[in-house]
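Listing of my_file-v4.txt; format and content: compact mmCIF, C-alpha atoms.
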```txt
# COMPACT_ATOMS: atom_id res chain seq x y z
CA MET S 115 -3.24 24.83 -10.52
CA ILE S 116 -4.94 28.15 -11.19
CA ASP S 117 -4.26 29.79 -14.54
CA ILE S 118 -1.67 32.54 -13.99
CA LYS S 119 -3.54 34.68 -16.52
CA LEU S 120 -6.55 34.78 -14.17
CA ILE S 121 -4.32 35.83 -11.29
CA ARG S 122 -2.74 38.61 -13.37
CA GLU S 123 -6.06 39.88 -14.72
CA ASP S 124 -8.06 39.90 -11.48
CA PRO S 125 -6.07 39.05 -8.33
CA GLU S 126 -8.85 40.41 -6.10
CA ARG S 127 -11.29 37.88 -7.53
CA ILE S 128 -8.85 35.07 -6.74
CA LYS S 129 -8.36 36.39 -3.20
CA LYS S 130 -12.14 36.54 -2.73
CA GLY S 131 -12.49 32.95 -3.93
CA MET S 132 -9.83 31.78 -1.51
CA LYS S 133 -11.59 33.55 1.37
CA ALA S 134 -14.85 31.82 0.38
CA LYS S 135 -12.91 28.58 0.94
CA GLU S 136 -11.82 29.96 4.32
CA VAL S 137 -8.19 30.21 3.18
CA ASP S 138 -6.22 33.46 3.41
CA CYS S 139 -3.89 33.49 0.41
CA ASP S 140 -3.51 37.26 -0.04
CA ALA S 141 0.21 37.25 0.70
CA VAL S 142 0.78 34.19 -1.49
CA ILE S 143 -1.06 35.75 -4.43
CA ASP S 144 0.86 39.02 -4.05
CA ARG S 145 4.12 37.07 -3.97
CA ILE S 146 3.11 35.07 -7.05
CA LEU S 147 2.50 38.28 -8.98
CA GLU S 148 5.86 39.65 -7.83
CA LEU S 149 7.69 36.45 -8.82
CA ASP S 150 5.78 36.29 -12.10
CA GLY S 151 6.98 39.78 -12.97
CA GLN S 152 10.55 38.88 -12.08
CA ARG S 153 10.53 35.65 -14.06
CA ARG S 154 9.07 37.30 -17.14
CA SER S 155 11.71 40.02 -16.92
CA LEU S 156 14.51 37.46 -16.58
CA ILE S 157 13.13 35.40 -19.45
CA GLY S 158 13.03 38.52 -21.62
CA GLN S 159 16.61 39.43 -20.70
CA THR S 160 17.82 35.90 -21.36
CA GLU S 161 16.11 35.71 -24.72
CA ALA S 162 17.60 39.08 -25.71
CA LEU S 163 21.09 37.89 -24.75
CA LYS S 164 20.63 34.63 -26.63
CA ALA S 165 19.57 36.59 -29.70
CA GLU S 166 22.68 38.75 -29.33
CA GLN S 167 24.78 35.62 -28.86
CA ASN S 168 23.44 34.17 -32.11
CA LYS S 169 24.06 37.47 -33.91
CA VAL S 170 27.68 37.66 -32.71
CA SER S 171 28.37 33.99 -33.43
CA LYS S 172 27.29 34.49 -37.04
CA GLN S 173 30.10 37.06 -37.47
CA ILE S 174 32.85 34.57 -36.68
CA PRO S 175 32.92 32.64 -40.01
CA ALA S 176 33.08 35.87 -42.02
CA LEU S 177 35.85 37.29 -39.82
CA LYS S 178 37.85 34.10 -40.06
CA LYS S 179 37.41 34.02 -43.83
CA ALA S 180 38.69 37.62 -44.05
CA GLY S 181 41.64 36.74 -41.82
CA ALA S 182 40.53 39.23 -39.18
CA ASP S 183 41.28 38.96 -35.46
CA THR S 184 38.33 37.14 -33.73
CA SER S 185 39.60 37.39 -30.15
CA ALA S 186 37.35 40.35 -29.32
CA VAL S 187 34.36 38.51 -30.68
CA PHE S 188 35.14 35.41 -28.63
CA LYS S 189 35.61 37.58 -25.57
CA GLU S 190 32.21 39.15 -26.15
CA MET S 191 30.72 35.68 -26.63
CA GLY S 192 32.18 34.57 -23.33
CA GLU S 193 30.78 37.60 -21.52
CA ILE S 194 27.33 37.00 -23.00
CA LYS S 195 27.50 33.32 -22.06
CA ALA S 196 28.42 34.23 -18.47
CA LYS S 197 25.52 36.69 -18.22
CA ILE S 198 23.10 34.07 -19.56
CA ALA S 199 24.39 31.55 -16.99
CA ASP S 200 23.86 34.08 -14.17
CA LEU S 201 20.36 34.88 -15.39
CA ASP S 202 19.52 31.17 -15.75
CA GLY S 203 20.59 30.60 -12.14
CA SER S 204 18.42 33.45 -10.92
CA LEU S 205 15.55 32.24 -13.06
CA ARG S 206 15.75 28.70 -11.65
CA ALA S 207 15.55 30.03 -8.09
CA ILE S 208 12.62 32.30 -8.91
CA GLU S 209 10.85 29.54 -10.90
CA SER S 210 11.20 27.17 -7.95
CA GLU S 211 9.63 29.60 -5.49
CA TYR S 212 7.02 30.60 -8.06
CA MET S 213 5.92 26.99 -8.65
CA ASP S 214 5.89 26.22 -4.91
CA ASN S 215 3.48 29.11 -4.41
CA MET S 216 1.37 28.17 -7.42
CA TYR S 217 1.08 24.56 -6.18
CA SER S 218 0.03 25.80 -2.74
CA LEU S 219 -3.02 27.68 -4.03
CA PRO S 220 -6.33 25.79 -3.69
CA ASN S 221 -8.71 25.59 -6.62
CA MET S 222 -11.18 28.40 -7.11
CA PRO S 223 -14.69 27.51 -5.91
CA ASP S 224 -17.53 27.77 -8.42
CA ASP S 225 -19.38 31.10 -8.24
CA ASP S 226 -22.66 29.56 -7.08
CA LEU S 227 -21.21 28.05 -3.91
CA VAL S 228 -22.09 29.56 -0.54
CA PRO S 229 -18.96 30.88 1.23
CA GLY S 230 -17.92 29.38 4.57
CA GLY S 231 -17.57 25.97 6.15
CA LYS S 232 -19.71 22.86 6.60
CA GLU S 233 -22.27 24.78 8.66
CA ASN S 234 -23.35 26.32 5.35
CA ASN S 235 -23.73 23.03 3.46
CA GLN S 236 -27.09 22.72 1.70
CA PRO S 237 -29.09 19.45 1.65
CA LEU S 238 -30.59 19.23 -1.83
CA ARG S 239 -32.77 16.14 -1.49
CA TYR S 240 -33.61 13.20 0.76
CA VAL S 241 -34.22 9.75 -0.71
CA GLY S 242 -36.12 6.97 1.03
CA GLU S 243 -37.71 6.95 4.45
CA LYS S 244 -35.74 7.27 7.64
CA LYS S 245 -35.80 3.91 9.41
CA ALA S 246 -38.19 3.61 12.33
CA PHE S 247 -37.92 0.63 14.70
CA ASP S 248 -40.54 -0.87 17.00
CA PHE S 249 -37.74 -2.29 19.14
CA GLU S 250 -34.48 -1.03 20.66
CA PRO S 251 -32.05 -1.12 17.70
CA LYS S 252 -28.42 -2.16 18.08
CA ASN S 253 -25.39 -0.44 16.63
CA HIS S 254 -23.43 -2.05 13.79
CA VAL S 255 -20.46 -2.98 15.98
CA ASP S 256 -22.60 -5.13 18.27
CA LEU S 257 -24.55 -6.57 15.35
CA CYS S 258 -21.43 -7.44 13.33
CA THR S 259 -19.79 -8.97 16.39
CA GLY S 260 -22.88 -10.96 17.35
CA LEU S 261 -23.34 -12.28 13.82
CA GLY S 262 -19.67 -13.11 13.41
CA LEU S 263 -19.27 -10.79 10.43
CA ILE S 264 -16.30 -8.76 11.62
CA ASP S 265 -13.58 -9.52 14.15
CA TYR S 266 -12.58 -6.13 15.52
CA GLU S 267 -10.24 -7.44 18.22
CA ARG S 268 -8.16 -9.59 15.88
CA GLY S 269 -8.14 -6.79 13.30
CA VAL S 270 -6.47 -4.58 15.90
CA LYS S 271 -4.12 -7.41 16.82
CA LEU S 272 -3.03 -7.73 13.19
CA GLY S 273 -2.85 -4.06 12.16
CA GLY S 274 -3.32 -1.90 15.25
CA ASN S 275 -6.05 0.62 16.04
CA GLY S 276 -8.05 1.68 13.00
CA PHE S 277 -8.09 -1.79 11.38
CA TRP S 278 -10.66 -4.59 11.36
CA MET S 279 -10.99 -8.08 9.86
CA TYR S 280 -13.94 -9.33 7.80
CA LYS S 281 -14.76 -13.01 8.22
CA GLY S 282 -17.16 -15.59 6.86
CA VAL S 283 -20.42 -14.16 5.58
CA GLY S 284 -19.15 -10.73 6.62
CA ALA S 285 -16.30 -10.97 4.13
CA GLN S 286 -18.72 -12.25 1.49
CA LEU S 287 -21.04 -9.30 2.13
CA GLU S 288 -18.14 -6.87 1.62
CA TRP S 289 -17.24 -8.61 -1.64
CA ALA S 290 -20.89 -8.60 -2.73
CA LEU S 291 -21.00 -4.83 -2.32
CA LEU S 292 -17.88 -4.40 -4.45
CA ASN S 293 -19.28 -6.70 -7.14
CA TYR S 294 -22.54 -4.75 -7.19
CA PHE S 295 -20.66 -1.48 -7.69
CA ILE S 296 -18.38 -2.95 -10.36
CA ASP S 297 -21.20 -4.59 -12.33
CA THR S 298 -23.17 -1.33 -12.30
CA HIS S 299 -20.26 0.72 -13.64
CA LEU S 300 -19.52 -1.84 -16.34
CA ALA S 301 -23.15 -1.77 -17.41
CA ASP S 302 -22.92 2.02 -17.66
CA GLY S 303 -20.00 1.75 -20.08
CA TYR S 304 -17.19 2.76 -17.74
CA GLU S 305 -13.76 1.20 -18.27
CA MET S 306 -12.32 -0.71 -15.34
CA ILE S 307 -8.80 0.21 -14.20
CA ILE S 308 -6.67 -1.64 -11.64
CA PRO S 309 -3.85 0.81 -10.84
CA PRO S 310 -0.66 0.34 -8.79
CA LEU S 311 -1.30 0.71 -5.07
CA MET S 312 2.13 2.29 -4.56
CA LEU S 313 2.49 5.63 -6.35
CA GLU S 314 5.18 8.19 -7.04
CA TYR S 315 5.02 11.68 -5.55
CA GLN S 316 4.05 13.28 -8.87
CA CYS S 317 0.67 11.48 -8.73
CA GLY S 318 -0.25 13.23 -5.50
CA LEU S 319 1.04 16.54 -6.83
CA THR S 320 -1.08 16.25 -9.98
CA ALA S 321 -4.20 15.29 -8.02
CA GLY S 322 -3.71 18.33 -5.79
CA GLN S 323 -3.22 16.27 -2.62
CA PHE S 324 0.45 17.22 -2.35
CA PRO S 325 2.25 19.11 -1.00
CA LYS S 326 -0.46 20.13 1.50
CA PHE S 327 -1.51 16.62 2.56
CA ALA S 328 1.79 14.80 2.06
CA ASP S 329 1.96 13.96 5.77
CA GLU S 330 -1.43 12.23 5.75
CA VAL S 331 -0.37 9.28 3.58
CA TYR S 332 1.77 6.22 4.25
CA LYS S 333 5.15 7.03 2.77
CA ILE S 334 7.44 4.24 1.59
CA GLU S 335 11.21 4.58 1.34
CA ASN S 336 13.27 2.08 -0.61
CA PRO S 337 16.99 1.97 0.27
CA THR S 338 17.81 1.11 -3.37
CA ASP S 339 15.71 3.91 -4.90
CA ASP S 340 15.79 7.58 -3.87
CA ARG S 341 12.34 8.32 -5.37
CA PRO S 342 9.70 8.63 -2.62
CA HIS S 343 6.59 6.47 -3.00
CA TYR S 344 3.39 6.35 -1.00
CA MET S 345 0.45 4.02 -0.52
CA LEU S 346 -2.58 5.09 -2.52
CA PRO S 347 -5.08 7.02 -0.30
CA THR S 348 -7.75 6.88 -3.03
CA ALA S 349 -7.78 5.67 -6.64
CA GLU S 350 -8.25 9.30 -7.68
CA SER S 351 -4.52 9.77 -6.98
CA ALA S 352 -3.70 7.29 -9.73
CA LEU S 353 -6.54 7.99 -12.17
CA ALA S 354 -5.79 11.73 -12.20
CA SER S 355 -2.35 10.99 -13.66
CA VAL S 356 -3.28 8.48 -16.36
CA TYR S 357 -2.81 11.12 -19.09
CA ARG S 358 -0.17 13.23 -17.36
CA ASN S 359 1.97 15.09 -19.93
CA GLU S 360 -0.20 13.83 -22.80
CA ILE S 361 -2.36 15.49 -25.45
CA LEU S 362 -5.55 13.64 -26.41
CA SER S 363 -7.71 14.28 -29.45
CA GLU S 364 -11.17 15.76 -29.03
CA GLU S 365 -12.74 12.54 -30.29
CA ASP S 366 -10.98 10.62 -27.49
CA LEU S 367 -13.11 12.34 -24.84
CA PRO S 368 -14.83 11.70 -22.59
CA LYS S 369 -12.79 9.03 -20.84
CA LYS S 370 -14.89 7.29 -18.20
CA PHE S 371 -13.02 5.10 -15.72
CA PHE S 372 -13.70 3.32 -12.47
CA SER S 373 -11.29 1.52 -10.22
CA TYR S 374 -11.53 -0.76 -7.20
CA THR S 375 -8.71 -0.40 -4.66
CA PRO S 376 -8.11 -0.65 -0.97
CA CYS S 377 -7.32 2.85 0.33
CA PHE S 378 -4.68 3.64 2.94
CA ARG S 379 -4.80 6.73 5.16
CA ARG S 380 -2.92 7.79 8.25
CA GLU S 381 -5.90 9.62 9.78
CA ALA S 382 -6.42 8.34 13.27
CA GLY S 383 -9.35 6.03 13.85
CA SER S 384 -11.90 7.87 15.93
CA TYR S 385 -12.61 6.63 19.41
CA ARG S 386 -15.82 8.60 19.78
CA ALA S 387 -18.79 6.46 20.65
CA ASP S 388 -20.63 7.46 17.47
CA GLU S 389 -17.73 6.53 15.18
CA ARG S 390 -16.86 3.06 16.36
CA GLY S 391 -16.11 0.10 14.16
CA MET S 392 -15.29 0.72 10.50
CA VAL S 393 -16.64 4.25 10.06
CA ARG S 394 -13.14 5.73 10.20
CA GLY S 395 -9.94 3.73 9.74
CA HIS S 396 -6.56 3.39 8.12
CA GLN S 397 -7.60 0.92 5.38
CA PHE S 398 -10.91 0.56 3.58
CA ASN S 399 -12.27 -0.57 0.22
CA LYS S 400 -13.57 1.86 -2.36
CA VAL S 401 -14.66 1.93 -5.99
CA GLU S 402 -13.77 5.28 -7.54
CA MET S 403 -15.30 6.88 -10.65
CA PHE S 404 -13.27 9.28 -12.77
CA GLN S 405 -13.85 11.27 -15.95
CA TYR S 406 -11.72 13.29 -18.35
CA THR S 407 -13.97 15.65 -20.32
CA LEU S 408 -14.06 18.60 -22.67
CA PRO S 409 -14.54 21.85 -20.70
CA GLU S 410 -18.04 22.47 -22.10
CA LYS S 411 -19.11 18.95 -21.03
CA SER S 412 -17.84 19.32 -17.49
CA ASP S 413 -21.14 20.23 -15.80
CA GLU S 414 -22.97 17.45 -17.62
CA ALA S 415 -20.35 14.93 -16.47
CA PHE S 416 -20.72 16.15 -12.88
CA GLU S 417 -24.47 15.55 -12.88
CA GLU S 418 -23.91 12.10 -14.37
CA LEU S 419 -21.53 11.13 -11.57
CA VAL S 420 -23.87 12.46 -8.88
CA THR S 421 -26.78 10.48 -10.36
CA LYS S 422 -24.67 7.32 -10.54
CA ALA S 423 -23.64 7.59 -6.88
CA GLU S 424 -27.23 8.24 -5.79
CA LYS S 425 -28.55 5.27 -7.76
CA LEU S 426 -26.02 2.92 -6.17
CA VAL S 427 -27.26 3.83 -2.69
CA GLU S 428 -30.89 3.87 -3.78
CA GLY S 429 -30.44 0.41 -5.32
CA LEU S 430 -29.49 -0.89 -1.88
CA GLY S 431 -32.79 0.43 -0.50
CA LEU S 432 -31.06 2.73 1.98
CA HIS S 433 -32.13 6.17 3.21
CA PHE S 434 -29.71 8.96 2.27
CA ARG S 435 -29.44 12.61 1.35
CA THR S 436 -27.47 14.60 -1.22
CA VAL S 437 -25.69 17.70 0.06
CA LYS S 438 -24.15 20.61 -1.85
CA LEU S 439 -20.99 21.61 0.01
CA ALA S 440 -20.20 25.20 0.90
CA ALA S 441 -16.99 26.57 -0.59
CA GLY S 442 -15.00 26.09 2.62
CA ASP S 443 -15.95 22.42 2.91
CA VAL S 444 -14.91 21.63 -0.67
CA SER S 445 -11.45 20.05 -0.78
CA ALA S 446 -8.46 22.14 -1.85
CA SER S 447 -8.21 20.73 -5.36
CA MET S 448 -11.92 20.90 -6.26
CA ALA S 449 -14.20 23.63 -7.59
CA ARG S 450 -17.47 22.03 -6.40
CA THR S 451 -18.57 18.93 -4.49
CA TYR S 452 -21.82 17.15 -3.69
CA ASP S 453 -21.73 14.59 -0.89
CA ILE S 454 -24.01 11.55 -0.78
CA GLU S 455 -24.63 11.02 2.94
CA ILE S 456 -26.14 7.82 4.27
CA SER S 457 -28.17 7.38 7.44
CA ILE S 458 -26.54 5.27 10.16
CA PRO S 459 -29.21 5.18 12.92
CA SER S 460 -26.89 4.69 15.91
CA MET S 461 -25.00 7.85 14.94
CA ASN S 462 -28.15 9.98 14.89
CA GLY S 463 -27.19 11.53 11.60
CA TYR S 464 -25.65 11.03 8.19
CA LYS S 465 -22.20 9.94 7.06
CA GLU S 466 -20.62 10.63 3.66
CA VAL S 467 -20.29 7.58 1.40
CA SER S 468 -19.51 9.44 -1.81
CA SER S 469 -18.03 12.82 -2.66
CA VAL S 470 -18.57 13.78 -6.28
CA SER S 471 -16.29 16.63 -7.32
CA ASN S 472 -15.34 18.71 -10.33
CA ALA S 473 -11.74 19.92 -10.47
CA ARG S 474 -12.34 21.90 -13.68
CA ASP S 475 -8.86 22.35 -15.26
CA TYR S 476 -6.99 22.51 -11.92
CA GLN S 477 -5.58 18.96 -12.00
CA ALA S 478 -5.03 19.09 -15.76
CA ARG S 479 -2.81 22.15 -15.37
CA ARG S 480 -0.80 20.48 -12.63
CA GLY S 481 -0.37 17.37 -14.77
CA ASN S 482 -0.14 19.12 -18.17
CA MET S 483 -3.06 17.10 -19.55
CA ARG S 484 -4.48 18.66 -22.70
CA VAL S 485 -6.82 18.05 -25.61
CA ARG S 486 -6.37 19.00 -29.26
CA ARG S 487 -9.67 20.37 -30.53
CA ALA S 488 -11.14 19.85 -33.97
CA ASP S 489 -9.87 23.30 -34.99
CA ARG S 490 -6.33 22.19 -33.95
CA SER S 491 -6.27 24.48 -30.92
CA ILE S 492 -5.01 22.94 -27.68
CA GLN S 493 -6.54 23.44 -24.23
CA PHE S 494 -6.58 21.78 -20.85
CA MET S 495 -9.08 19.00 -20.16
CA HIS S 496 -11.41 18.94 -17.17
CA THR S 497 -11.28 16.15 -14.59
CA LEU S 498 -13.97 14.88 -12.24
CA ASN S 499 -14.15 12.13 -9.65
CA GLY S 500 -16.64 10.50 -7.34
CA SER S 501 -16.80 7.56 -4.96
CA GLY S 502 -18.85 4.81 -6.43
CA LEU S 503 -18.87 3.77 -3.54
CA ALA S 504 -16.75 3.39 -0.40
CA THR S 505 -17.92 0.34 1.58
CA SER S 506 -16.81 1.28 5.09
CA ARG S 507 -19.94 3.34 5.76
CA VAL S 508 -22.36 1.61 3.39
CA TYR S 509 -21.73 -1.64 5.28
CA PRO S 510 -22.72 -0.22 8.72
CA ALA S 511 -25.76 1.44 7.15
CA ILE S 512 -26.94 -1.88 5.69
CA ILE S 513 -26.42 -3.64 9.01
CA GLU S 514 -28.22 -1.00 11.06
CA GLN S 515 -31.03 0.01 8.68
CA ASN S 516 -31.87 -3.62 7.83
CA GLN S 517 -31.66 -5.15 11.32
CA LEU S 518 -34.54 -7.19 12.73
CA LYS S 519 -35.67 -7.55 16.32
CA ASP S 520 -33.92 -10.91 16.74
CA GLY S 521 -30.54 -9.40 15.76
CA SER S 522 -30.52 -10.77 12.21
CA VAL S 523 -30.03 -8.56 9.15
CA VAL S 524 -31.96 -8.53 5.86
CA ILE S 525 -29.66 -8.54 2.82
CA PRO S 526 -30.52 -5.95 0.14
CA GLN S 527 -32.15 -7.55 -2.90
CA VAL S 528 -29.40 -6.46 -5.31
CA LEU S 529 -26.72 -8.24 -3.27
CA ARG S 530 -28.40 -11.62 -2.87
CA LYS S 531 -27.18 -13.05 -6.18
CA TYR S 532 -23.61 -12.55 -4.96
CA LEU S 533 -24.39 -14.41 -1.73
CA GLY S 534 -25.88 -17.57 -3.19
CA GLY S 535 -29.45 -16.29 -2.87
CA ARG S 536 -29.20 -15.74 0.89
CA GLU S 537 -31.86 -13.28 2.09
CA VAL S 538 -31.04 -12.90 5.77
CA ILE S 539 -27.90 -13.04 7.87
CA ALA S 540 -28.64 -14.70 11.17
CA LYS S 541 -26.46 -16.19 13.91
CA ASN S 542 -26.67 -19.60 12.25
CA SER S 543 -25.79 -18.28 8.75
CA GLU S 544 -22.67 -20.42 8.61
CA GLU S 545 -24.49 -23.60 9.62
```

Translate this file's structure into structure tokens.
Amino acid sequence: MIDIKLIREDPERIKKGMKAKEVDCDAVIDRILELDGQRRSLIGQTEALKAEQNKVSKQIPALKKAGADTSAVFKEMGEIKAKIADLDGSLRAIESEYMDNMYSLPNMPDDDLVPGGKENNQPLRYVGEKKAFDFEPKNHVDLCTGLGLIDYERGVKLGGNGFWMYKGVGAQLEWALLNYFIDTHLADGYEMIIPPLMLEYQCGLTAGQFPKFADEVYKIENPTDDRPHYMLPTAESALASVYRNEILSEEDLPKKFFSYTPCFRREAGSYRADERGMVRGHQFNKVEMFQYTLPEKSDEAFEELVTKAEKLVEGLGLHFRTVKLAAGDVSASMARTYDIEISIPSMNGYKEVSSVSNARDYQARRGNMRVRRADRSIQFMHTLNGSGLATSRVYPAIIEQNQLKDGSVVIPQVLRKYLGGREVIAKNSEE
């Protein structure tokens, strides 16, 4: 959530930032200012009446002691109480609309971001050499099918379109990737979290995914519980609420977490020829990194997360690039994002395997997550997240970039210890 003080002080700057994100919020911002004025006026009136109520109530004991008639005083008390009740009702209605509008505003993009959409994204660096083949390379779907790594047909039979089933060495390769990610984060001093996979609505609201994207998750309704739950679309949804409504001490920060979870999303699996297989689906595995930091350490934490994501891909020996997103391609809840995009040869381009983002204090305001500084002042923390990594695009990249002419696949060196020392996956790998 954006600080209301910033909106009051410079609404035109906020409107400009929203336009850089390709969102027209002029009317919303104007309405917020109108509602803010109304709510502050009502709060002032209510507080004045409550002060008057206290003043009048203090007269009653003295009047009673003097034997005076208190009926007029009680009548006045009743009138004041009725006015306060009316004002409270009006205030609740205005507060509700005010908060709905505040929750609907995206985060402000950082000042250094280029306005506009993905066409204005800026590649910052390329790592590794683009794979060149001296034979006709296959795509990952054909390779995985031929090697018996993934059963796409039975995955669809079990879950429908957008699902697949790992099997045999293919399942072991997926698990090897996850173990590689986990071991790396543990070595870097990050704390492992295994969160619930079914979350309450407030988690999505705090993360900034709701209400805008509430229809893009799998919602769960329990006939014995009227609280809506949903299946976790990313571990960020859970990790962003770990300290909701809490105040940490300055010495507690930073908090560095990572979490492995399957992720569930309703987005339709693409049927385009260049996005076959597991590149886009309803369920995939991901390790998520997350940090809570002091505001002045926020930029440093961002660079740390970007470096960690890059090193994970580089450790696999894969060609990739790091891209600074334009303001309009940064998600609603984030102030800046760098994408790590991996080369998948059959797609003639790059696919995102990690988005590293800084929310600044946007999520912390939504979740009321604060830090008490050494001088006893209290301020909102900053939150950051980054994929570390998602497997559903790393896996195809490994298969395609490391394929050999005979249809076998070379296993990255860092994964071999998790696969019993196996170096190559061939058609007879199970024999």

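Between atom CA of S:Tyr294 and atom CA of S:Asp443 lies a distance of 29.7 Å.
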
Using all atoms listed in the file, collect all residues at a distance of at most 6 Å from (1.2, 21.8, -7.9) as written in the file, then present them as a VMD selection string. chain S and resid 115 217 319 480

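Comparing the minimum interatomic distances between S:Gly203 and each of S:Ala511, S:Ile157, S:Leu426, S:Ile143, counting only C-alpha atoms, we find that S:Ile157 sits nearest.
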
Considering only C-alpha atoms, can you say which of S:Glu365, S:Glu288, S:Asp340, S:Glu166 comes closest to S:Phe398? S:Glu288

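If you measure from each of S:Trp289, S:Tyr280, S:Tyr266, S:Tyr304 to S:Arg530 using all atoms listed in the file, the closest one turns out to be S:Trp289.
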
Counting only C-alpha atoms, what are the residues of stretch 340-449 of chain S within 6 Å of stretch 233-253 of chain S, and for each of them which pair of atoms is the nearest and at what distance in Å, to one decimal? Sort the table by chain and rising number, as JSON lines.
```
{"residue": "S:His433", "atom": "CA", "partner": "S:Gly242", "partner_atom": "CA", "distance": 4.6}
{"residue": "S:Phe434", "atom": "CA", "partner": "S:Val241", "partner_atom": "CA", "distance": 5.5}
{"residue": "S:Arg435", "atom": "CA", "partner": "S:Tyr240", "partner_atom": "CA", "distance": 4.3}
{"residue": "S:Thr436", "atom": "CA", "partner": "S:Arg239", "partner_atom": "CA", "distance": 5.5}
{"residue": "S:Val437", "atom": "CA", "partner": "S:Pro237", "partner_atom": "CA", "distance": 4.1}
{"residue": "S:Lys438", "atom": "CA", "partner": "S:Gln236", "partner_atom": "CA", "distance": 5.1}
{"residue": "S:Leu439", "atom": "CA", "partner": "S:Asn235", "partner_atom": "CA", "distance": 4.6}
{"residue": "S:Ala440", "atom": "CA", "partner": "S:Asn235", "partner_atom": "CA", "distance": 4.9}
```

Take the residues from that selection and put them in a file with C-alpha atoms, as an mmCIF file, keeping the file's coordinate frame.
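Everything below was put into out.cif:
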```cif
data_model
loop_
_atom_site.group_PDB
_atom_site.id
_atom_site.type_symbol
_atom_site.label_atom_id
_atom_site.label_comp_id
_atom_site.auth_asym_id
_atom_site.auth_seq_id
_atom_site.Cartn_x
_atom_site.Cartn_y
_atom_site.Cartn_z
ATOM 1 C CA HIS S 433 -32.130 6.170 3.210
ATOM 2 C CA PHE S 434 -29.710 8.960 2.270
ATOM 3 C CA ARG S 435 -29.440 12.610 1.350
ATOM 4 C CA THR S 436 -27.470 14.600 -1.220
ATOM 5 C CA VAL S 437 -25.690 17.700 0.060
ATOM 6 C CA LYS S 438 -24.150 20.610 -1.850
ATOM 7 C CA LEU S 439 -20.990 21.610 0.010
ATOM 8 C CA ALA S 440 -20.200 25.200 0.900
#
```

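The closest residue to S:Asp413, picked from S:Arg474, S:Lys519, S:Arg379, S:Arg484 and counting all atoms listed in the file, is S:Arg474.
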
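Residue nearest S:Asp117 within the list S:Asn221, S:Ser171, S:Ser469, S:Gln517: S:Asn221 [criterion: smallest interatomic distance, all atoms listed in the file].
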
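Across the structure, atom CA of S:Gly260 and atom CA of S:Val508 are spaced 18.8 Å apart.
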
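If you look at atom CA of S:Glu305 and atom CA of S:Thr505, they are 20.3 Å away from each other.
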
Which residues are near S:Leu292? Cut-off 9 Å, only C-alpha atoms, ignore same chain within fewer than 4 positions. Put them as a ChimeraX atom specification. /S:287-288,296-297,374,399-401,503-505

(-8.6, -5.9, 8.0) in this file's frame - what residues fall within 9 Å of it? Use all atoms listed in the file and give the answer as a tab-separated table (two decimals) with C-alpha atoms, in the coordinates of the input.
```
chain	number	residue	atom	x	y	z
S	264	ILE	CA	-16.30	-8.76	11.62
S	265	ASP	CA	-13.58	-9.52	14.15
S	266	TYR	CA	-12.58	-6.13	15.52
S	268	ARG	CA	-8.16	-9.59	15.88
S	269	GLY	CA	-8.14	-6.79	13.30
S	270	VAL	CA	-6.47	-4.58	15.90
S	272	LEU	CA	-3.03	-7.73	13.19
S	273	GLY	CA	-2.85	-4.06	12.16
S	277	PHE	CA	-8.09	-1.79	11.38
S	278	TRP	CA	-10.66	-4.59	11.36
S	279	MET	CA	-10.99	-8.08	9.86
S	280	TYR	CA	-13.94	-9.33	7.80
S	397	GLN	CA	-7.60	0.92	5.38
S	398	PHE	CA	-10.91	0.56	3.58
```

Contacts of S:Ser210 within 12 Å, all atoms listed in the file, excl. fewer than 6 positions in-chain, as a JSON list (two decimals) with C-alpha atoms, in the frame of the given file:
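The result, written out as around17.json:
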```json
[["chain", "number", "residue", "atom", "x", "y", "z"],
["S", 146, "ILE", "CA", 3.11, 35.07, -7.05],
["S", 149, "LEU", "CA", 7.69, 36.45, -8.82],
["S", 150, "ASP", "CA", 5.78, 36.29, -12.10],
["S", 153, "ARG", "CA", 10.53, 35.65, -14.06],
["S", 203, "GLY", "CA", 20.59, 30.60, -12.14],
["S", 204, "SER", "CA", 18.42, 33.45, -10.92],
["S", 216, "MET", "CA", 1.37, 28.17, -7.42],
["S", 217, "TYR", "CA", 1.08, 24.56, -6.18]]
```

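Candidate residues S:Ile208, S:Leu263, S:Ile539, S:Ala186 were compared for distance to S:Val524, and the nearest is S:Ile539, using only C-alpha atoms.
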
Pick out the residues sitting within 8 Å of S:Glu136, and hand them over as a ChimeraX atom specification; count all atoms listed in the file, and ignore anything fewer than 5 positions along from it in its own chain. /S:229-231,441-442

Quick one: stretch 513-517 of chain S with N, CA and C atoms, as an mmCIF file, in the coordinates of the input?
```
data_model
loop_
_atom_site.group_PDB
_atom_site.id
_atom_site.type_symbol
_atom_site.label_atom_id
_atom_site.label_comp_id
_atom_site.auth_asym_id
_atom_site.auth_seq_id
_atom_site.Cartn_x
_atom_site.Cartn_y
_atom_site.Cartn_z
ATOM 1 N N ILE S 513 -26.243 -2.853 7.784
ATOM 2 C CA ILE S 513 -26.420 -3.640 9.010
ATOM 3 C C ILE S 513 -27.434 -2.990 9.939
ATOM 4 N N GLU S 514 -27.340 -1.667 10.108
ATOM 5 C CA GLU S 514 -28.220 -1.000 11.060
ATOM 6 C C GLU S 514 -29.616 -0.746 10.489
ATOM 7 N N GLN S 515 -29.705 -0.288 9.240
ATOM 8 C CA GLN S 515 -31.030 0.010 8.680
ATOM 9 C C GLN S 515 -31.837 -1.257 8.436
ATOM 10 N N ASN S 516 -31.168 -2.383 8.184
ATOM 11 C CA ASN S 516 -31.870 -3.620 7.830
ATOM 12 C C ASN S 516 -31.935 -4.629 8.977
ATOM 13 N N GLN S 517 -31.631 -4.215 10.196
ATOM 14 C CA GLN S 517 -31.660 -5.150 11.320
ATOM 15 C C GLN S 517 -33.093 -5.494 11.722
#
```
